[in-house]
Structures are given as structure tokens and as C-alpha cells.
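Enquirer: So here's run-v7.csv, just CSV, C-alpha atoms:
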```csv
chain,number,residue,atom,x,y,z
A,1,MET,CA,-47.7,-67.9,20.7
A,2,LEU,CA,-44.5,-66.8,22.4
A,3,LEU,CA,-43.4,-65.0,19.3
A,4,ARG,CA,-46.7,-63.2,19.1
A,5,ARG,CA,-46.5,-62.1,22.7
A,6,HIS,CA,-43.0,-60.6,22.6
A,7,PHE,CA,-41.4,-59.8,19.3
A,8,TRP,CA,-42.2,-56.9,17.0
A,9,ARG,CA,-45.0,-55.3,18.8
A,10,HIS,CA,-46.3,-53.6,15.7
A,11,ALA,CA,-46.2,-56.7,13.5
A,12,THR,CA,-49.0,-59.3,13.0
A,13,TYR,CA,-48.4,-62.9,13.8
A,14,SER,CA,-48.4,-63.9,10.1
A,15,GLU,CA,-45.7,-61.2,9.3
A,16,ILE,CA,-43.5,-62.5,12.2
A,17,ALA,CA,-44.0,-66.0,10.9
A,18,GLU,CA,-42.9,-64.9,7.4
A,19,LEU,CA,-39.7,-63.3,8.8
A,20,TYR,CA,-38.9,-66.4,10.8
A,21,MET,CA,-39.6,-68.8,8.0
A,22,SER,CA,-37.3,-66.7,5.7
A,23,ARG,CA,-34.7,-66.6,8.5
A,24,MET,CA,-34.6,-70.3,9.0
A,25,LEU,CA,-34.4,-71.1,5.3
A,26,ARG,CA,-31.6,-68.6,4.8
A,27,MET,CA,-29.6,-70.0,7.8
A,28,ALA,CA,-30.1,-73.5,6.4
A,29,ALA,CA,-28.9,-72.4,3.0
A,30,LEU,CA,-26.0,-70.5,4.5
A,31,PHE,CA,-24.7,-73.3,6.8
A,32,ILE,CA,-25.5,-76.1,4.4
A,33,ALA,CA,-22.7,-74.7,2.2
A,34,SER,CA,-20.7,-72.1,4.0
A,35,ALA,CA,-19.3,-74.5,6.5
A,36,PHE,CA,-17.5,-76.3,3.6
A,37,MET,CA,-16.5,-73.4,1.4
A,38,SER,CA,-12.9,-73.2,2.6
A,39,VAL,CA,-12.6,-77.0,2.7
A,40,TYR,CA,-14.0,-77.0,-0.9
A,41,MET,CA,-11.4,-74.4,-2.0
A,42,TYR,CA,-8.6,-76.4,-0.4
A,43,GLN,CA,-9.8,-79.6,-2.0
A,44,ILE,CA,-9.8,-78.2,-5.5
A,45,GLY,CA,-6.2,-76.9,-5.2
A,46,TYR,CA,-6.2,-73.5,-3.4
A,47,SER,CA,-3.5,-73.2,-0.6
A,48,ILE,CA,-4.2,-72.0,2.9
A,49,GLY,CA,-2.5,-68.7,1.9
A,50,HIS,CA,-4.8,-68.2,-1.0
A,51,ILE,CA,-7.8,-69.0,1.0
A,52,SER,CA,-6.8,-66.5,3.8
A,53,LEU,CA,-6.2,-63.9,1.1
A,54,PHE,CA,-9.7,-64.4,-0.4
A,55,TRP,CA,-11.3,-64.1,3.0
A,56,ALA,CA,-9.3,-61.0,3.9
A,57,ALA,CA,-10.5,-59.4,0.7
A,58,PHE,CA,-14.0,-60.5,1.4
A,59,TYR,CA,-14.2,-59.0,4.9
A,60,LEU,CA,-12.3,-55.8,3.8
A,61,PHE,CA,-15.0,-55.4,1.1
A,62,LYS,CA,-17.7,-55.9,3.7
A,63,THR,CA,-16.1,-53.3,6.0
A,64,ILE,CA,-16.1,-50.7,3.2
A,65,ILE,CA,-19.7,-51.3,2.1
A,66,ALA,CA,-21.3,-51.6,5.6
A,67,LEU,CA,-22.3,-48.0,6.0
A,68,PRO,CA,-23.5,-47.5,2.3
A,69,VAL,CA,-25.5,-50.7,2.7
A,70,ALA,CA,-27.0,-49.5,6.0
A,71,GLY,CA,-28.0,-46.3,4.2
A,72,LEU,CA,-29.7,-48.3,1.5
A,73,ILE,CA,-31.6,-50.3,4.1
A,74,ALA,CA,-32.7,-47.1,5.8
A,75,ARG,CA,-34.2,-46.0,2.5
A,76,ILE,CA,-35.9,-49.2,1.3
A,77,GLY,CA,-36.5,-50.9,4.7
A,78,PRO,CA,-35.1,-54.0,6.3
A,79,LYS,CA,-37.6,-56.5,4.9
A,80,HIS,CA,-37.0,-55.4,1.3
A,81,SER,CA,-33.3,-55.5,2.0
A,82,ILE,CA,-33.5,-59.1,3.3
A,83,LEU,CA,-35.4,-60.0,0.1
A,84,VAL,CA,-32.7,-58.5,-2.1
A,85,SER,CA,-30.0,-60.1,0.0
A,86,ASN,CA,-31.4,-63.6,-0.4
A,87,LEU,CA,-31.6,-63.1,-4.2
A,88,LEU,CA,-28.0,-61.8,-4.4
A,89,TYR,CA,-26.6,-65.0,-2.7
A,90,ILE,CA,-28.0,-67.2,-5.5
A,91,PRO,CA,-25.5,-66.2,-8.3
A,92,ALA,CA,-22.7,-66.2,-5.7
A,93,MET,CA,-23.4,-69.9,-4.9
A,94,ILE,CA,-23.7,-70.8,-8.6
A,95,SER,CA,-20.4,-69.0,-9.3
A,96,PHE,CA,-18.7,-71.2,-6.7
A,97,VAL,CA,-20.0,-74.3,-8.5
A,98,PHE,CA,-18.1,-73.4,-11.7
A,99,LEU,CA,-14.9,-72.3,-9.8
A,100,PRO,CA,-12.9,-75.5,-10.7
A,101,VAL,CA,-13.9,-75.1,-14.4
A,102,LEU,CA,-13.6,-71.4,-15.1
A,103,GLY,CA,-10.8,-70.5,-12.7
A,104,PRO,CA,-10.0,-68.1,-9.9
A,105,TRP,CA,-11.4,-65.0,-11.6
A,106,LEU,CA,-14.9,-66.2,-10.5
A,107,LEU,CA,-13.9,-65.4,-6.9
A,108,LEU,CA,-14.3,-61.7,-7.7
A,109,PRO,CA,-18.1,-61.9,-8.4
A,110,VAL,CA,-18.4,-64.3,-5.5
A,111,LEU,CA,-16.7,-61.8,-3.2
A,112,ILE,CA,-18.9,-58.9,-4.4
A,113,LEU,CA,-22.2,-60.7,-4.5
A,114,GLN,CA,-21.8,-62.8,-1.3
A,115,GLY,CA,-20.2,-59.9,0.6
A,116,THR,CA,-23.0,-57.5,-0.3
A,117,SER,CA,-25.7,-60.1,0.5
A,118,ALA,CA,-24.1,-61.0,3.8
A,119,SER,CA,-23.7,-57.3,5.0
A,120,MET,CA,-27.2,-56.4,3.8
A,121,TYR,CA,-28.8,-59.3,5.6
A,122,ALA,CA,-26.9,-58.9,8.8
A,123,ILE,CA,-27.7,-55.2,9.2
A,124,ALA,CA,-31.3,-55.5,8.1
A,125,TYR,CA,-32.1,-58.4,10.4
A,126,ILE,CA,-30.5,-56.7,13.4
A,127,ILE,CA,-32.4,-53.5,12.7
A,128,ASP,CA,-35.6,-55.4,12.7
A,129,PHE,CA,-34.8,-57.5,15.7
A,130,SER,CA,-33.4,-54.7,17.8
A,131,LYS,CA,-36.9,-53.2,17.8
A,132,VAL,CA,-37.8,-55.6,20.7
A,133,LYS,CA,-39.8,-53.5,23.1
A,134,SER,CA,-40.2,-55.9,26.1
A,135,ILE,CA,-37.3,-54.8,28.3
A,136,GLU,CA,-38.2,-57.3,31.0
A,137,HIS,CA,-38.2,-60.3,28.7
A,138,ALA,CA,-35.4,-59.3,26.2
A,139,GLY,CA,-33.1,-62.0,27.4
A,140,LYS,CA,-35.8,-64.7,26.8
A,141,GLU,CA,-36.6,-63.2,23.4
A,142,ILE,CA,-32.9,-63.3,22.4
A,143,ALA,CA,-32.8,-66.9,23.7
A,144,TYR,CA,-35.7,-67.9,21.4
A,145,MET,CA,-33.9,-66.2,18.5
A,146,ASN,CA,-30.7,-68.1,19.3
A,147,ILE,CA,-32.5,-71.4,19.7
A,148,PHE,CA,-34.3,-71.1,16.3
A,149,GLU,CA,-31.0,-70.1,14.6
A,150,LYS,CA,-28.8,-72.7,16.2
A,151,THR,CA,-31.2,-75.5,15.7
A,152,THR,CA,-31.1,-74.7,12.0
A,153,THR,CA,-27.4,-74.1,11.8
A,154,SER,CA,-26.5,-77.2,13.8
A,155,ILE,CA,-28.4,-79.6,11.6
A,156,SER,CA,-27.6,-77.9,8.3
A,157,PRO,CA,-23.8,-78.8,8.2
A,158,LEU,CA,-24.6,-82.5,8.7
A,159,VAL,CA,-27.2,-82.4,5.9
A,160,GLY,CA,-24.8,-80.6,3.7
A,161,GLY,CA,-22.0,-83.1,4.5
A,162,VAL,CA,-24.2,-86.1,3.6
A,163,LEU,CA,-25.3,-84.5,0.3
A,164,ALA,CA,-21.7,-83.6,-0.5
A,165,TYR,CA,-20.6,-87.2,0.2
A,166,PHE,CA,-23.1,-88.8,-2.1
A,167,PHE,CA,-23.5,-86.1,-4.8
A,168,GLY,CA,-20.4,-83.9,-4.5
A,169,PRO,CA,-19.9,-80.4,-3.0
A,170,GLN,CA,-21.1,-78.7,-6.2
A,171,PHE,CA,-24.5,-80.2,-5.7
A,172,VAL,CA,-24.6,-78.8,-2.1
A,173,LEU,CA,-23.9,-75.3,-3.5
A,174,VAL,CA,-26.8,-75.7,-6.0
A,175,VAL,CA,-29.1,-76.8,-3.1
A,176,ALA,CA,-28.0,-73.8,-1.1
A,177,ALA,CA,-28.9,-71.5,-4.0
A,178,LEU,CA,-32.4,-73.1,-4.2
A,179,LEU,CA,-32.9,-72.6,-0.5
A,180,PHE,CA,-31.9,-68.9,-0.8
A,181,ALA,CA,-34.6,-68.6,-3.5
A,182,LEU,CA,-37.1,-70.2,-1.2
A,183,ALA,CA,-36.1,-67.9,1.6
A,184,ALA,CA,-37.0,-64.9,-0.5
A,185,VAL,CA,-40.5,-66.2,-1.2
A,186,PRO,CA,-42.2,-65.4,2.2
A,187,LEU,CA,-41.1,-61.8,1.9
A,188,PHE,CA,-42.7,-61.0,-1.5
A,189,ASN,CA,-46.1,-60.2,-0.1
A,190,SER,CA,-45.3,-58.6,3.2
A,191,GLY,CA,-44.7,-54.9,3.9
A,192,GLU,CA,-42.3,-53.0,6.1
A,193,GLN,CA,-42.9,-52.6,9.8
A,194,VAL,CA,-40.5,-49.6,10.1
A,195,GLN,CA,-40.5,-46.2,8.6
A,196,ILE,CA,-38.6,-46.1,5.3
A,197,GLY,CA,-37.1,-43.3,3.2
A,198,LYS,CA,-34.6,-42.4,6.0
A,199,LYS,CA,-30.9,-41.4,5.6
A,200,LEU,CA,-28.0,-42.2,7.8
A,201,GLN,CA,-27.4,-39.5,10.4
A,202,PHE,CA,-24.0,-38.6,11.7
A,203,LYS,CA,-24.7,-35.1,12.9
A,204,GLY,CA,-25.7,-35.4,16.6
A,205,PHE,CA,-25.0,-39.1,16.6
A,206,PRO,CA,-24.1,-40.3,20.2
A,207,TRP,CA,-20.6,-41.5,19.5
A,208,ARG,CA,-20.1,-42.6,23.1
A,209,LEU,CA,-22.3,-45.6,22.3
A,210,ILE,CA,-19.7,-46.8,19.8
A,211,ARG,CA,-16.8,-45.9,22.0
A,212,GLN,CA,-18.2,-48.2,24.7
A,213,HIS,CA,-17.4,-51.3,22.6
A,214,TRP,CA,-15.6,-50.6,19.3
A,215,ILE,CA,-12.5,-52.5,20.3
A,216,ALA,CA,-14.7,-55.4,21.6
A,217,GLN,CA,-16.7,-55.4,18.3
A,218,VAL,CA,-13.5,-55.8,16.3
A,219,ALA,CA,-12.4,-58.6,18.6
A,220,ILE,CA,-15.8,-60.3,18.1
A,221,GLY,CA,-15.2,-60.3,14.3
A,222,TYR,CA,-11.7,-61.8,14.9
A,223,ASP,CA,-13.2,-64.5,17.2
A,224,ILE,CA,-15.9,-65.4,14.8
A,225,PHE,CA,-13.4,-66.0,12.0
A,226,ALA,CA,-11.2,-68.0,14.3
A,227,SER,CA,-14.0,-70.3,15.5
A,228,GLY,CA,-15.5,-70.6,12.0
A,229,THR,CA,-13.2,-70.6,9.0
A,230,VAL,CA,-9.8,-71.3,10.7
A,231,TRP,CA,-11.1,-74.0,13.0
A,232,THR,CA,-12.9,-75.7,10.2
A,233,LEU,CA,-9.7,-75.7,8.1
A,234,TYR,CA,-7.6,-76.9,11.1
A,235,THR,CA,-10.0,-79.8,11.7
A,236,ALA,CA,-10.1,-80.7,8.0
A,237,VAL,CA,-6.4,-80.4,7.2
A,238,ILE,CA,-4.6,-81.2,10.5
A,239,VAL,CA,-7.0,-83.6,12.3
A,240,ILE,CA,-8.9,-85.4,9.6
A,241,GLY,CA,-6.9,-84.8,6.4
A,242,ILE,CA,-8.4,-83.8,3.1
A,243,SER,CA,-8.2,-86.1,0.1
A,244,SER,CA,-10.1,-86.3,-3.2
A,245,SER,CA,-12.8,-88.4,-1.3
A,246,ASN,CA,-15.8,-86.5,-0.1
A,247,GLU,CA,-15.9,-88.2,3.3
A,248,ILE,CA,-14.4,-85.1,4.8
A,249,TYR,CA,-17.7,-83.2,4.3
A,250,VAL,CA,-19.7,-85.9,6.3
A,251,ILE,CA,-17.2,-85.9,9.1
A,252,THR,CA,-16.9,-82.1,9.3
A,253,GLY,CA,-20.7,-81.7,9.1
A,254,ALA,CA,-21.2,-84.3,11.9
A,255,LEU,CA,-18.6,-82.6,14.1
A,256,LEU,CA,-20.3,-79.2,13.6
A,257,SER,CA,-23.7,-80.7,14.4
A,258,VAL,CA,-22.9,-82.2,17.8
A,259,VAL,CA,-23.5,-78.8,19.4
A,260,LEU,CA,-27.3,-78.9,19.1
A,261,VAL,CA,-28.3,-80.1,22.6
A,262,ALA,CA,-25.7,-77.8,24.2
A,263,THR,CA,-27.1,-74.9,22.2
A,264,LEU,CA,-30.7,-75.4,23.2
A,265,ILE,CA,-29.9,-75.8,26.9
A,266,SER,CA,-27.4,-73.0,27.2
A,267,SER,CA,-29.6,-70.5,25.3
A,268,TYR,CA,-32.5,-71.2,27.6
A,269,ILE,CA,-30.4,-70.9,30.8
A,270,TYR,CA,-28.6,-67.8,29.6
A,271,GLY,CA,-31.8,-66.1,28.6
A,272,LYS,CA,-33.0,-66.4,32.2
A,273,ILE,CA,-29.7,-65.1,33.6
A,274,ILE,CA,-29.9,-62.0,31.4
A,275,ASP,CA,-33.4,-61.3,32.5
A,276,LYS,CA,-32.3,-61.6,36.1
A,277,LYS,CA,-29.9,-58.6,35.4
A,278,GLN,CA,-26.8,-60.8,35.5
A,279,GLY,CA,-25.9,-60.4,31.8
A,280,GLY,CA,-22.7,-58.5,32.5
A,281,MET,CA,-21.3,-61.1,34.8
A,282,LEU,CA,-22.3,-63.9,32.3
A,283,MET,CA,-20.6,-62.0,29.4
A,284,LYS,CA,-17.3,-61.6,31.2
A,285,ALA,CA,-17.1,-65.1,32.5
A,286,SER,CA,-17.9,-66.5,29.0
A,287,ILE,CA,-15.3,-64.3,27.3
A,288,VAL,CA,-12.6,-65.7,29.6
A,289,ALA,CA,-13.8,-69.3,29.0
A,290,ASN,CA,-13.9,-68.7,25.2
A,291,SER,CA,-10.3,-67.5,25.3
A,292,ILE,CA,-9.3,-70.7,27.1
A,293,THR,CA,-11.1,-72.7,24.4
A,294,HIS,CA,-8.8,-71.1,21.8
A,295,LEU,CA,-5.7,-72.0,23.8
A,296,VAL,CA,-6.7,-75.6,23.9
A,297,ARG,CA,-7.4,-76.0,20.2
A,298,PRO,CA,-3.8,-76.5,18.9
A,299,PHE,CA,-3.5,-79.5,21.1
A,300,ILE,CA,-6.6,-81.3,19.7
A,301,THR,CA,-5.7,-84.2,17.5
A,302,SER,CA,-8.7,-86.5,17.2
A,303,PRO,CA,-12.3,-86.1,15.9
A,304,PHE,CA,-13.6,-87.0,19.4
A,305,THR,CA,-11.8,-84.1,21.0
A,306,VAL,CA,-12.9,-81.8,18.1
A,307,ALA,CA,-16.5,-82.6,19.0
A,308,GLY,CA,-15.8,-81.7,22.6
A,309,ALA,CA,-14.1,-78.4,21.6
A,310,ASN,CA,-17.1,-77.6,19.4
A,311,ILE,CA,-19.5,-78.0,22.3
A,312,ALA,CA,-17.3,-76.0,24.6
A,313,ASN,CA,-17.0,-73.2,22.0
A,314,GLU,CA,-20.7,-73.2,21.5
A,315,VAL,CA,-21.5,-72.8,25.2
A,316,THR,CA,-18.9,-70.1,25.8
A,317,THR,CA,-19.7,-68.1,22.6
A,318,THR,CA,-23.4,-68.2,23.3
A,319,GLY,CA,-22.6,-67.1,26.8
A,320,TYR,CA,-21.0,-63.9,25.8
A,321,SER,CA,-22.9,-63.2,22.5
A,322,MET,CA,-26.4,-63.2,24.0
A,323,PRO,CA,-25.8,-60.6,26.7
A,324,TYR,CA,-23.6,-58.7,24.2
A,325,ALA,CA,-26.5,-58.7,21.7
A,326,ARG,CA,-28.9,-57.5,24.4
A,327,ALA,CA,-26.6,-54.5,25.1
A,328,VAL,CA,-26.2,-53.7,21.4
A,329,PHE,CA,-30.0,-53.7,21.0
A,330,ASP,CA,-30.3,-51.4,24.0
A,331,ASN,CA,-27.7,-49.1,22.4
A,332,ALA,CA,-29.6,-49.2,19.1
A,333,ASP,CA,-32.7,-47.9,20.9
A,334,LEU,CA,-30.7,-45.2,22.8
A,335,SER,CA,-28.9,-44.0,19.7
A,336,GLY,CA,-32.0,-42.7,18.0
A,337,HIS,CA,-30.3,-43.6,14.7
A,338,ARG,CA,-30.7,-47.3,14.5
A,339,ALA,CA,-29.4,-47.9,11.0
A,340,THR,CA,-26.3,-45.7,11.5
A,341,TYR,CA,-25.4,-47.4,14.7
A,342,ILE,CA,-25.9,-50.9,13.5
A,343,GLY,CA,-24.0,-50.2,10.2
A,344,MET,CA,-21.0,-49.1,12.2
A,345,VAL,CA,-21.2,-52.2,14.4
A,346,ASP,CA,-21.3,-54.4,11.3
A,347,ALA,CA,-18.3,-52.5,9.8
A,348,LEU,CA,-16.2,-53.0,13.0
A,349,SER,CA,-17.0,-56.8,13.1
A,350,ASN,CA,-16.0,-57.2,9.5
A,351,PHE,CA,-12.8,-55.3,10.1
A,352,GLY,CA,-12.0,-57.7,12.9
A,353,ALA,CA,-12.5,-60.7,10.6
A,354,PHE,CA,-10.3,-59.0,8.0
A,355,LEU,CA,-7.5,-58.7,10.6
A,356,ALA,CA,-8.0,-62.4,11.5
A,357,ALA,CA,-7.7,-63.5,7.9
A,358,GLY,CA,-4.7,-61.3,7.5
A,359,THR,CA,-3.1,-62.8,10.6
A,360,LEU,CA,-3.5,-66.3,9.1
A,361,GLY,CA,-2.0,-65.2,5.8
A,362,ILE,CA,1.0,-63.6,7.5
A,363,LEU,CA,1.6,-66.8,9.6
A,364,VAL,CA,1.4,-68.9,6.4
A,365,LEU,CA,4.0,-66.7,4.7
A,366,ALA,CA,6.2,-66.7,7.8
A,367,ALA,CA,6.3,-70.4,8.6
A,368,GLY,CA,3.9,-72.5,6.4
A,369,SER,CA,0.3,-73.7,6.5
A,370,ASN,CA,0.5,-76.2,9.3
A,371,PHE,CA,2.3,-73.8,11.6
A,372,ALA,CA,-0.2,-71.1,10.8
A,373,LEU,CA,-3.3,-73.2,11.4
A,374,THR,CA,-1.9,-74.4,14.7
A,375,ASN,CA,-0.4,-71.2,16.2
A,376,PHE,CA,-3.1,-68.9,14.9
A,377,PHE,CA,-5.3,-69.9,17.9
A,378,PHE,CA,-2.8,-68.5,20.4
A,379,VAL,CA,-3.2,-65.1,18.8
A,380,ALA,CA,-7.0,-65.6,18.7
A,381,ALA,CA,-7.0,-66.4,22.5
A,382,VAL,CA,-5.4,-63.0,23.2
A,383,ALA,CA,-7.7,-61.2,20.7
A,384,ALA,CA,-10.8,-62.8,22.3
A,385,LEU,CA,-9.9,-61.3,25.6
A,386,LEU,CA,-10.3,-57.8,24.1
A,387,ILE,CA,-14.0,-58.4,24.1
A,388,LEU,CA,-13.7,-57.6,27.8
A,389,THR,CA,-13.1,-54.0,26.9
A,390,ALA,CA,-16.8,-53.5,26.2
A,391,HIS,CA,-18.4,-51.2,28.8
A,392,PHE,CA,-22.2,-51.0,28.1
A,393,SER,CA,-24.4,-48.6,30.0
A,394,LEU,CA,-27.0,-51.4,30.3
A,395,TYR,CA,-24.7,-53.4,32.7
A,396,LYS,CA,-23.8,-50.4,34.8
A,397,LYS,CA,-27.3,-50.0,36.1
```
Show me this structure written as C-alpha cells.

Expert:
Amino acid sequence: MLLRRHFWRHATYSEIAELYMSRMLRMAALFIASAFMSVYMYQIGYSIGHISLFWAAFYLFKTIIALPVAGLIARIGPKHSILVSNLLYIPAMISFVFLPVLGPWLLLPVLILQGTSASMYAIAYIIDFSKVKSIEHAGKEIAYMNIFEKTTTSISPLVGGVLAYFFGPQFVLVVAALLFALAAVPLFNSGEQVQIGKKLQFKGFPWRLIRQHWIAQVAIGYDIFASGTVWTLYTAVIVIGISSSNEIYVITGALLSVVLVATLISSYIYGKIIDKKQGGMLMKASIVANSITHLVRPFITSPFTVAGANIANEVTTTGYSMPYARAVFDNADLSGHRATYIGMVDALSNFGAFLAAGTLGILVLAAGSNFALTNFFFVAAVAALLILTAHFSLYKK
């Protein structure tokens, strides 16, 4: 009922339900496997340096294709793009299953298929969601979106870890591929809710909207890679220790899933704060707190403190990402060229993640894997503060 009252004013309830069912299945598929991809690569013999090189190539590829993908989405529509994106992820997951057998050349199709799928989905989904029309309740609507997503993404790593422990990580990748297929099903019979057949428009584009936050957007990509891939590797390699046993997947999954309650409470509270016109203050305070969280990470040495850090990171990241997303949605409306604007935002985020992966690789070459995984977070703490450079018109009112 809440969804029907607020989201996608021109969509029917059944169409909204289809999008959310597809979204939840995709997020389950993504987090049931992606949380362990770097750990899986390390376990089968890839070094931290090789893993960082793979992710650097992955995010550089996504940076390059972001605008062409946005142009395709403008032509065929976000819903059809989400459908294609889900289908593209299936062979990417299957390729990862055969990585130990067929060798590292399989990383190339994984990079292309997974990278294209991820960019297409991220841009298409944001284009759809940025069409929220209820200005007064936008914070609450973003809170609901965050709650649905985080509930799924908090539970999925634990499910994936248990499956990996009993049946092996390859089985989890197959399950993820099946979930991606299921995520495509709800979209087969639904039409587009936006005008299709458009092209990206750069002539007359309000570049000031990008200048307001391009440095911050790069920093967000850096922060996401730090809190995701690097932190998972640090936890698995430095704190827990990776062996041929699959226990690592259960432990890692459980540590990632402890954030559920914190996510639900913080999302609800932050949504109310945003709707009370305090989103700018919330964003700045959370950015500083998030940077402090990075500074603490290198001193964490036990699974118990890892769980505490995960909760702290979830609360602080949600605290800046929700008001930031609210401002990006406002800019998308103001731009008059939604697909062009969001395509550039996605490119900047991916470039930030590319820089983060490159930083990790350089630290590995300079001083070794353990030094790199530990000291990377000091760099990340500084990079995260650059999110403070965002100056949105929404928070000047």
C-alpha cells in the first residue's frame, strides 16, 4: 500500500510489484555470490595483486561503457535494460564456476558480461527510481527502498556462506545464476513506464549539476570498493585466515549479515530526518563518521570486532548515501536529461572504484599483500572525506 501511494505515480501496483520482485531476486543473487568472489579467487590461487588487477580492469571497463550503456537504456527503456542485464549475469556466474578448470582466460568474458550487466542495471534502476514525484516524502521513499534492498543483501551472504560450506563455492555461483534467471521472469510481461527511443543529450546539458559533486562521486566509488572488496579480503585473509576448508564462507557471510537490524532502524530514522529538511547535515556528519570507521579497520583483529565494524559502517554509509541519493534524484529531475546525467554519475563512481583497486595493487607491489590490505584503509579514510566536497542545490534551500 505504501509503495502504491508513493512510487512511480504512472505505474500500476502490479507493475511496481514486478519491479520490486525482480529487484529483490537480483540483489539476492548478487550478494549470495559477489560477497565471496574475491575470497573464492584467493582460495583457488590468485594473489591479492592479481585480484586487485582484475577489479581495476573491471571498473575501468565499466567507466568506459557507462555512457554508451546509458544511451542504450534511453533507446530501449530501463525495464527492458534490467531484463537484459539479469540475463547477461547468468553466463558470467557460470564462467566463474569453471575458472579453476579452464584458467584465467575466463576472467575476460566474466569482466565483459558482469561489467556490462552491472552498469546496465545500476543506470536503468536509478533512472526508474529517480522518477519519484513526491517531494515531501522522498526521504521516506528512499528509506523503504533501502530497507528492501538491505534486508535482502544482509541475509543473502549468510545463505551463500552456508551453501558454500556444505556444497562448495561453485554451487553458490550456480544458485546465483538461477536467481538471476528468476529475476528476469517478472519483467517479461510488463511494459515501459518511461518514453523510449531517446538519445543522450550533451548540447544544452546543465554541467553545473555534475560539477556540484563529481569529486564526491569518484570518492563514493572509492569508498564502496574499500568497504566491500578490500574489507572482505582483509577480514578473510588477515583476521580469519583462508584455507582449503569452506568454513571461511560461513564466517564471512555471518559477519556481513549482522548489519540487518542496524540497517532497518537507521534507514527508517534517516528517512524522517531527510524529510525534515536535515539531509545535508546528516550527510556531512555521516561522511566524517564513515572516514573514522576506515581509520579503525587496520586495528581490528577478531571476528567480534569485525562484526562491530560492519554495523558501524552500515550505519554511517547509510547515513550519507540516503541524503546523497535524494540529491542525485533531485538533480536528475532538474537536468532534463535523466539518462545522460545518471550515466555520467555511474561513470564517475566506477572510476573511483578503479582508482581504489589500483591503489591496492600499487600497495601490494610496494610492500606486499598484508601491508597493502592493512594500510589501504588509511588512504580510504582520506578519500572518503572527499565526499564532503559535494554541494547540492537541494541542501542550499

Enquirer: Which is closer to His50 (chain A) than all the others in A:Leu385, A:Ile240, A:Val328, A:Ala357, using only C-alpha atoms?

Expert: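 The closest residue to His50 (chain A) is A:Ala357.
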
Enquirer: Hey, which of A:Ala366, A:Val315, A:Leu233, A:Ala57 ends up closest to Ile269 (chain A)? Count all atoms listed in the file.

Expert: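 Distance minimum relative to Ile269 (chain A) lands on A:Val315.
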
Enquirer: Under the rule that only C-alpha atoms are counted, which of A:Ile300, A:Pro157, A:Gln43, A:Ser286 is the nearest residue to Leu260 (chain A)?

Expert: A:Pro157

Enquirer: Pick the closest to Tyr270 (chain A) from A:Met322, A:Ile94, A:Ala312, A:Val288: which is it, counting all atoms listed in the file?

Expert: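 Of all the options, A:Met322 lies closest to Tyr270 (chain A).
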
Enquirer: Compare A:Val110, A:Leu67, A:Leu163, A:Ala181 by their minimum atom-to-atom distance to Leu83 (chain A), counting only C-alpha atoms, and give me the closest one.

Expert: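 Ranking A:Val110, A:Leu67, A:Leu163, A:Ala181 by distance to Leu83 (chain A), first place goes to A:Ala181.
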
Enquirer: How many Å separate CA of Ile127 (chain A) from CA of Leu182 (chain A)?

Expert: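 CA of Leu182 (chain A) lies 22.2 Å from CA of Ile127 (chain A).
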
Enquirer: Report, in Å with one decimal, the straight-line distance from CA of Phe225 (chain A) to CA of Ile265 (chain A).

Expert: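 Result for CA of Phe225 (chain A) versus CA of Ile265 (chain A): 24.3 Å, one decimal.
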
Enquirer: Could you tell me which of A:Lys396, A:Gln170, A:Arg211, A:Ile64 comes closest to Val101 (chain A) if we count only C-alpha atoms?

Expert: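 That would be A:Gln170, the residue with the smallest distance to Val101 (chain A).
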
Enquirer: Just to confirm, what's the straight-line distance from CA of Ile242 (chain A) to CA of Gly115 (chain A) in Å (one decimal)?

Expert: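 CA of Gly115 (chain A) lies at a distance of 26.8 Å from CA of Ile242 (chain A).
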
Enquirer: Show me, as a ChimeraX atom specification, the residues that have an atom within 9 Å of Ile238 (chain A) when counting all atoms listed in the file, minus same-chain residues fewer than 3 positions from it.

Expert: /A:233-235,241-242,301,370,373-374

Enquirer: For Leu282 (chain A), list every protein, DNA or RNA residue within 10 Å, evaluated using only C-alpha atoms, and leave out those in the same chain fewer than 3 positions away; present the list as a list in words.

Expert: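 The filter keeps Tyr270, Ile273, Ile274, Lys277, Gln278, Gly279, Ala285, Ser286, Ile287, Thr316, Gly319, Tyr320, Ser321, Met322, Pro323 and Tyr324 of chain A.
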
Enquirer: Name the residues in contact with Leu111 (chain A) at a cut-off of 12 Å, using only C-alpha atoms, excluding same-chain residues fewer than 3 positions from it; report them as a PDB file with C-alpha atoms, keeping the file's coordinate frame.

Expert:
```pdb
ATOM      1  CA  LEU A  53      -6.200 -63.900   1.100  1.00  0.00           C
ATOM      2  CA  PHE A  54      -9.700 -64.400  -0.400  1.00  0.00           C
ATOM      3  CA  TRP A  55     -11.300 -64.100   3.000  1.00  0.00           C
ATOM      4  CA  ALA A  56      -9.300 -61.000   3.900  1.00  0.00           C
ATOM      5  CA  ALA A  57     -10.500 -59.400   0.700  1.00  0.00           C
ATOM      6  CA  PHE A  58     -14.000 -60.500   1.400  1.00  0.00           C
ATOM      7  CA  TYR A  59     -14.200 -59.000   4.900  1.00  0.00           C
ATOM      8  CA  LEU A  60     -12.300 -55.800   3.800  1.00  0.00           C
ATOM      9  CA  PHE A  61     -15.000 -55.400   1.100  1.00  0.00           C
ATOM     10  CA  LYS A  62     -17.700 -55.900   3.700  1.00  0.00           C
ATOM     11  CA  LEU A  88     -28.000 -61.800  -4.400  1.00  0.00           C
ATOM     12  CA  TYR A  89     -26.600 -65.000  -2.700  1.00  0.00           C
ATOM     13  CA  PRO A  91     -25.500 -66.200  -8.300  1.00  0.00           C
ATOM     14  CA  ALA A  92     -22.700 -66.200  -5.700  1.00  0.00           C
ATOM     15  CA  MET A  93     -23.400 -69.900  -4.900  1.00  0.00           C
ATOM     16  CA  SER A  95     -20.400 -69.000  -9.300  1.00  0.00           C
ATOM     17  CA  PHE A  96     -18.700 -71.200  -6.700  1.00  0.00           C
ATOM     18  CA  PRO A 104     -10.000 -68.100  -9.900  1.00  0.00           C
ATOM     19  CA  TRP A 105     -11.400 -65.000 -11.600  1.00  0.00           C
ATOM     20  CA  LEU A 106     -14.900 -66.200 -10.500  1.00  0.00           C
ATOM     21  CA  LEU A 107     -13.900 -65.400  -6.900  1.00  0.00           C
ATOM     22  CA  LEU A 108     -14.300 -61.700  -7.700  1.00  0.00           C
ATOM     23  CA  GLN A 114     -21.800 -62.800  -1.300  1.00  0.00           C
ATOM     24  CA  GLY A 115     -20.200 -59.900   0.600  1.00  0.00           C
ATOM     25  CA  THR A 116     -23.000 -57.500  -0.300  1.00  0.00           C
ATOM     26  CA  SER A 117     -25.700 -60.100   0.500  1.00  0.00           C
ATOM     27  CA  ALA A 118     -24.100 -61.000   3.800  1.00  0.00           C
ATOM     28  CA  SER A 119     -23.700 -57.300   5.000  1.00  0.00           C
TER      29      SER A 119
END
```

Enquirer: List as a list in words the protein and nucleic acid residues near Gln212 (chain A), meaning an atom at most 12 Å away when all atoms listed in the file are counted, but skip any in the same chain fewer than 6 places from it.

Expert: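 Residues near the query, excluding close chain neighbours: Pro206, Tyr324, Ala327, Val328, Asn331, Val345, Ile387, Leu388, Thr389, Ala390, His391, Phe392, Ser393, Leu394, Tyr395 and Lys396 of chain A.
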
Enquirer: Please list as a list in words every residue within 9 Å of Pro100 (chain A), counting all atoms listed in the file and excluding residues in the same chain fewer than 3 positions away.

Expert: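 Those residues are Met41, Ile44, Gly45, Phe96, Val97, Gly103 and Pro104 of chain A.
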